[in-house]
Amino acid sequence: MTQEKDKQGISRRDFISATAIAGVTGAGIGSGMVGISPAFAAKESGNATAIHPGDLDEYYGFWSGGQSGEVRILGLPSMRELMRIPVFNYDSATGHGITNESKRILGDNAPLNGDAHHPHMSFTNGQHDGRYVFINDKANTRVARIRCDVMKTDKIVNVPNVQAIHGLRLQKAPRTGYVFCNAEFRIPYPNDGSNMEDAGAYRTMFNAIDGDSMEVAWQVIVDGNLDNTDADYDGNYACSTCYNSEEGFTLADTMRNERDWAVVFNIPRIEAAVKAGKFTTLGDSKVPVLDGRHGSELTAYIPIPKSPHGLNTSPDGKYFVANGKLSPTVSVIEIARLHDLFSGKITEPRDVIVAEPELGLGPLHTAFDGRGNAYTTLFIDSQICKWNIADAIKSYGGEKVNYIRQKLDVHYQPGHNHTSMGESNEADGKWLVSLSKFSKDRFLPVGPLHAENDQLIDISGEEMKLVHDGPAYAEPHDCEIVHRRKIRTKKIWERDDPYFAETVARAKKDGITLETDNKIIRDGNKVRVYMTSVAPSYGLNEIKVKKGDEVTVTITNLDQIEDVSHGFTLINHGVAMEISPQQTASLTFTADKPGVHWYYCQWFCHALHMEMRGRLLVEA
Ligand code: CUK
Ligand code: CUA
């Protein structure tokens, strides 16, 4: 968007907001605005979209980087990309996948691709607490944790016994707690090639990871495939959508039934069963595996129309909303009724459904504004449908009410949508983002692969208003919009940070003081190089080794000034890393090429940044 267009957009929107004050919200706002100029009043009622140079955004957006395997941080409402966090991918800027610190997190020989879908911030008492963001990797059946103080990935866990971790949401109360995640695809047990054609041997599981230890706490076998999930605000239930209740292998098989289901997990009962030892384990894994298939007291299966997709909890904690996908409806489950379903007071599972509004074609995900309205993406119609939950319930009860408030065109084919703070009990109803899967004609063409289109919508008034198109690379299935008051980041590293604690311990064994020493230690054909960096030079401008040595370079950046990050790139060896102020970083490579190989700093740090370099001398 050009500066000019931006200004025009703002003034037009402010004008509309001013009109809206007079018309729609009249009395309430008007009385509080006595003596204030119309222009200011307009700004107060609507959302200011322009973040001028030097101004900061009000919200952090945590964006899944989709098939890129990373997480991105955006500022809202500007939609500016602020940072990328490598997670399941190789990153040549920071050295994620190259450094010893990142390899400890990723694991040995970890795949360096990922398919990230669902980033979610940890909770305390239903509110985001700024500790961690968790995200799944569907491609390699993993879950990662990102530390929000430094915005780095700090743990990754491989989930055993299953394939393709997809839906991921967190325990909201009393805290996170559990990271709930669905394994999507069914696989035979044991999956050793002995029973590949036996459909009856195929299963998948619902998984809970301990968010503190990042170990898998338990797994529950279910019927059907699992898609998306969410949890309540009381710590009692999680609920997942299921497609392929037919348990078929082919597309035709999976479409046969008119209804699939949402499956509810009774968390206290599952915990009690684990405690009582009512579980098995599979193969080498020690993770407790419980049976939650039809008939189990740990789960409840609620039939809902065909192939549901998104599952979203309303921020008041009252409802799970399952999105129909192949049905034009969403199914609203009243969480309070689940107690009666599990106790047997309710015997017909569908009696927990209190509304099933018909919204349009292809409902995929629903977001909430905290004022009783829901916003559902309609994939096929390319629209967001705003509807009122209370009115939808009245309509289901037989009253003649129109629950649909507005349909807004988006461009095009939206998947997830998200409201500011709307995935916590502090939903503030200011912004909605539509993660549109197709951008078609909305941007300059860049070849057959198109950008996605993340669209910003002002929902602060009665009417939704589209205010910004934001191109995004690789499919950000999901994002989360968190107010900046929740997040406190460090500007430079602390020397005792656990991120590089093992590297510091290794140095200690070598008798090294990282903050002062510039030394090379030889241990057989293993060479450990320790040096400092201060803009614009390394502590060593020459490293001498022999051909075939395994060389570990450990660098400590002594700069204390915010933003003076250094790097270490060794020419023709495929190694590079970031070393931010007060950080220690290390990497290991084999010096297999005799001769001179320059190393240099690849983060522009000083007027003499180009001169920040040295020679690796490899003797034949
Ligand atoms: S899923 Cu992609 S549009 Cu992975 Cu959350 Cu719905
Ligand atoms: Cu140090 Cu560039």
# chains A, B, ... in the order shown; residues from 1 in each chain; ligands from 1
call {"tool": "closest_atom_pairs", "arguments": {"of": "chain A", "to": "ligand 2", "cutoff": "12 Å", "atoms": "only C-alpha atoms and all ligand atoms", "output": "tab-separated table"}}
result
residue	atom	partner	partner_atom_place_in_ligand_line	distance
A:Thr532	CA	ligand 2	1 (Cu)	11.1
A:Ser533	CA	ligand 2	1 (Cu)	7.5
A:Val534	CA	ligand 2	1 (Cu)	7.4
A:Ala535	CA	ligand 2	1 (Cu)	5.3
A:Pro536	CA	ligand 2	1 (Cu)	5.3
A:Ser537	CA	ligand 2	1 (Cu)	6.7
A:Tyr538	CA	ligand 2	1 (Cu)	8.0
A:Gly539	CA	ligand 2	1 (Cu)	11.6
A:Ile555	CA	ligand 2	1 (Cu)	11.6
A:Thr556	CA	ligand 2	1 (Cu)	11.7
A:Asn557	CA	ligand 2	1 (Cu)	9.1
A:Leu558	CA	ligand 2	1 (Cu)	11.1
A:Asp559	CA	ligand 2	1 (Cu)	9.8
A:Asp563	CA	ligand 2	1 (Cu)	10.9
A:Val564	CA	ligand 2	1 (Cu)	7.5
A:Ser565	CA	ligand 2	1 (Cu)	6.6
A:His566	CA	ligand 2	1 (Cu)	4.0
A:Gly567	CA	ligand 2	1 (Cu)	6.1
A:Phe568	CA	ligand 2	1 (Cu)	8.3
A:Thr569	CA	ligand 2	2 (Cu)	10.4
A:Met577	CA	ligand 2	1 (Cu)	11.5
A:Glu578	CA	ligand 2	1 (Cu)	9.7
A:Ile579	CA	ligand 2	1 (Cu)	8.8
A:Ser580	CA	ligand 2	1 (Cu)	9.6
A:Pro581	CA	ligand 2	1 (Cu)	10.5
A:Tyr599	CA	ligand 2	1 (Cu)	11.4
A:Tyr600	CA	ligand 2	2 (Cu)	7.7
A:Cys601	CA	ligand 2	2 (Cu)	4.4
A:Gln602	CA	ligand 2	2 (Cu)	5.5
A:Trp603	CA	ligand 2	2 (Cu)	4.4
A:Phe604	CA	ligand 2	2 (Cu)	4.1
A:Cys605	CA	ligand 2	2 (Cu)	4.0
A:His606	CA	ligand 2	2 (Cu)	6.2
A:Ala607	CA	ligand 2	2 (Cu)	8.8
A:Leu608	CA	ligand 2	2 (Cu)	7.7
A:His609	CA	ligand 2	2 (Cu)	4.2
A:Met610	CA	ligand 2	2 (Cu)	6.7
A:Glu611	CA	ligand 2	2 (Cu)	8.3
A:Met612	CA	ligand 2	1 (Cu)	5.8
A:Arg613	CA	ligand 2	1 (Cu)	8.5
A:Gly614	CA	ligand 2	1 (Cu)	11.7
call {"tool": "residues_near_ligand", "arguments": {"ligand": "ligand 1", "cutoff": "8 Å", "atoms": "only C-alpha atoms and all ligand atoms", "output": "ChimeraX atom specification"}}
result
/A:117-118,166-167,227-228,309-310,364-365,414-416,476-478
call {"tool": "write_last_selection", "arguments": {"atoms": "N, CA, C and O atoms", "output": "short mmCIF file (atom, residue, chain, number, x, y, z; two decimals), in the first residue's frame"}}
result
data_model
loop_
_atom_site.label_atom_id
_atom_site.label_comp_id
_atom_site.auth_asym_id
_atom_site.auth_seq_id
_atom_site.Cartn_x
_atom_site.Cartn_y
_atom_site.Cartn_z
N HIS A 117 1.29 -25.55 11.68
CA HIS A 117 -0.09 -25.08 11.54
C HIS A 117 -0.56 -24.17 12.68
O HIS A 117 -1.08 -23.11 12.43
N HIS A 118 -0.39 -24.63 13.91
CA HIS A 118 -1.16 -23.99 14.99
C HIS A 118 -0.28 -23.44 16.12
O HIS A 118 0.07 -24.16 17.04
N HIS A 166 -1.61 -32.62 13.95
CA HIS A 166 -2.27 -31.50 13.28
C HIS A 166 -2.86 -30.52 14.31
O HIS A 166 -2.16 -29.65 14.79
N GLY A 167 -4.15 -30.67 14.65
CA GLY A 167 -4.77 -29.72 15.59
C GLY A 167 -3.98 -29.62 16.89
O GLY A 167 -3.56 -30.64 17.44
N ASP A 227 -8.97 -34.09 13.53
CA ASP A 227 -8.61 -32.90 12.76
C ASP A 227 -8.18 -31.78 13.71
O ASP A 227 -7.03 -31.72 14.11
N ASN A 228 -9.10 -30.90 14.11
CA ASN A 228 -8.73 -29.80 15.00
C ASN A 228 -9.23 -30.03 16.41
O ASN A 228 -10.06 -30.91 16.66
N HIS A 309 -14.37 -29.43 10.55
CA HIS A 309 -12.95 -29.03 10.51
C HIS A 309 -12.53 -28.30 11.79
O HIS A 309 -12.07 -28.90 12.74
N GLY A 310 -12.72 -26.97 11.85
CA GLY A 310 -12.22 -26.21 13.00
C GLY A 310 -13.03 -26.47 14.26
O GLY A 310 -14.21 -26.82 14.20
N LEU A 364 -15.13 -23.17 8.01
CA LEU A 364 -13.90 -23.85 8.44
C LEU A 364 -13.49 -23.50 9.88
O LEU A 364 -13.14 -24.38 10.66
N HIS A 365 -13.50 -22.22 10.21
CA HIS A 365 -13.05 -21.84 11.56
C HIS A 365 -13.88 -20.66 12.06
O HIS A 365 -14.39 -19.87 11.26
N PRO A 414 -11.03 -18.27 2.59
CA PRO A 414 -10.41 -18.16 3.91
C PRO A 414 -10.36 -19.50 4.65
O PRO A 414 -11.27 -20.32 4.51
N GLY A 415 -9.28 -19.72 5.40
CA GLY A 415 -9.16 -20.90 6.25
C GLY A 415 -9.48 -20.50 7.68
O GLY A 415 -10.64 -20.41 8.08
N HIS A 416 -8.43 -20.21 8.45
CA HIS A 416 -8.65 -19.71 9.81
C HIS A 416 -9.02 -18.24 9.77
O HIS A 416 -8.66 -17.51 8.84
N PRO A 476 0.12 -19.65 6.12
CA PRO A 476 -0.05 -19.48 7.57
C PRO A 476 -1.44 -19.97 7.99
O PRO A 476 -2.36 -19.18 8.10
N HIS A 477 -1.58 -21.26 8.20
CA HIS A 477 -2.90 -21.80 8.55
C HIS A 477 -3.55 -21.03 9.67
O HIS A 477 -4.75 -20.88 9.72
N ASP A 478 -2.74 -20.60 10.61
CA ASP A 478 -3.29 -20.18 11.89
C ASP A 478 -2.38 -19.09 12.45
O ASP A 478 -1.19 -19.03 12.13
#
call {"tool": "residues_around", "arguments": {"residues": "Asp232 of chain A", "least_positions_apart": "2", "cutoff": "9 Å", "atoms": "only C-alpha atoms", "output": "PyMOL selection string"}}
result
chain A and resi 171-173+230+234-239+313-314+317-320+335
call {"tool": "residues_around", "arguments": {"residues": "segment 89-104 of chain A", "least_positions_apart": "4", "cutoff": "10 Å", "atoms": "only C-alpha atoms", "output": "number ranges by chain"}}
result
A: 67-71, 84-85, 108-116, 152-156, 498-503, 552-554, 567-569, 574-580, 584-589, 602-603
call {"tool": "residues_around", "arguments": {"residues": "Ile521 of chain A", "least_positions_apart": "6", "cutoff": "9 Å", "atoms": "only C-alpha atoms", "output": "PyMOL selection string"}}
result
chain A and resi 510+527-530
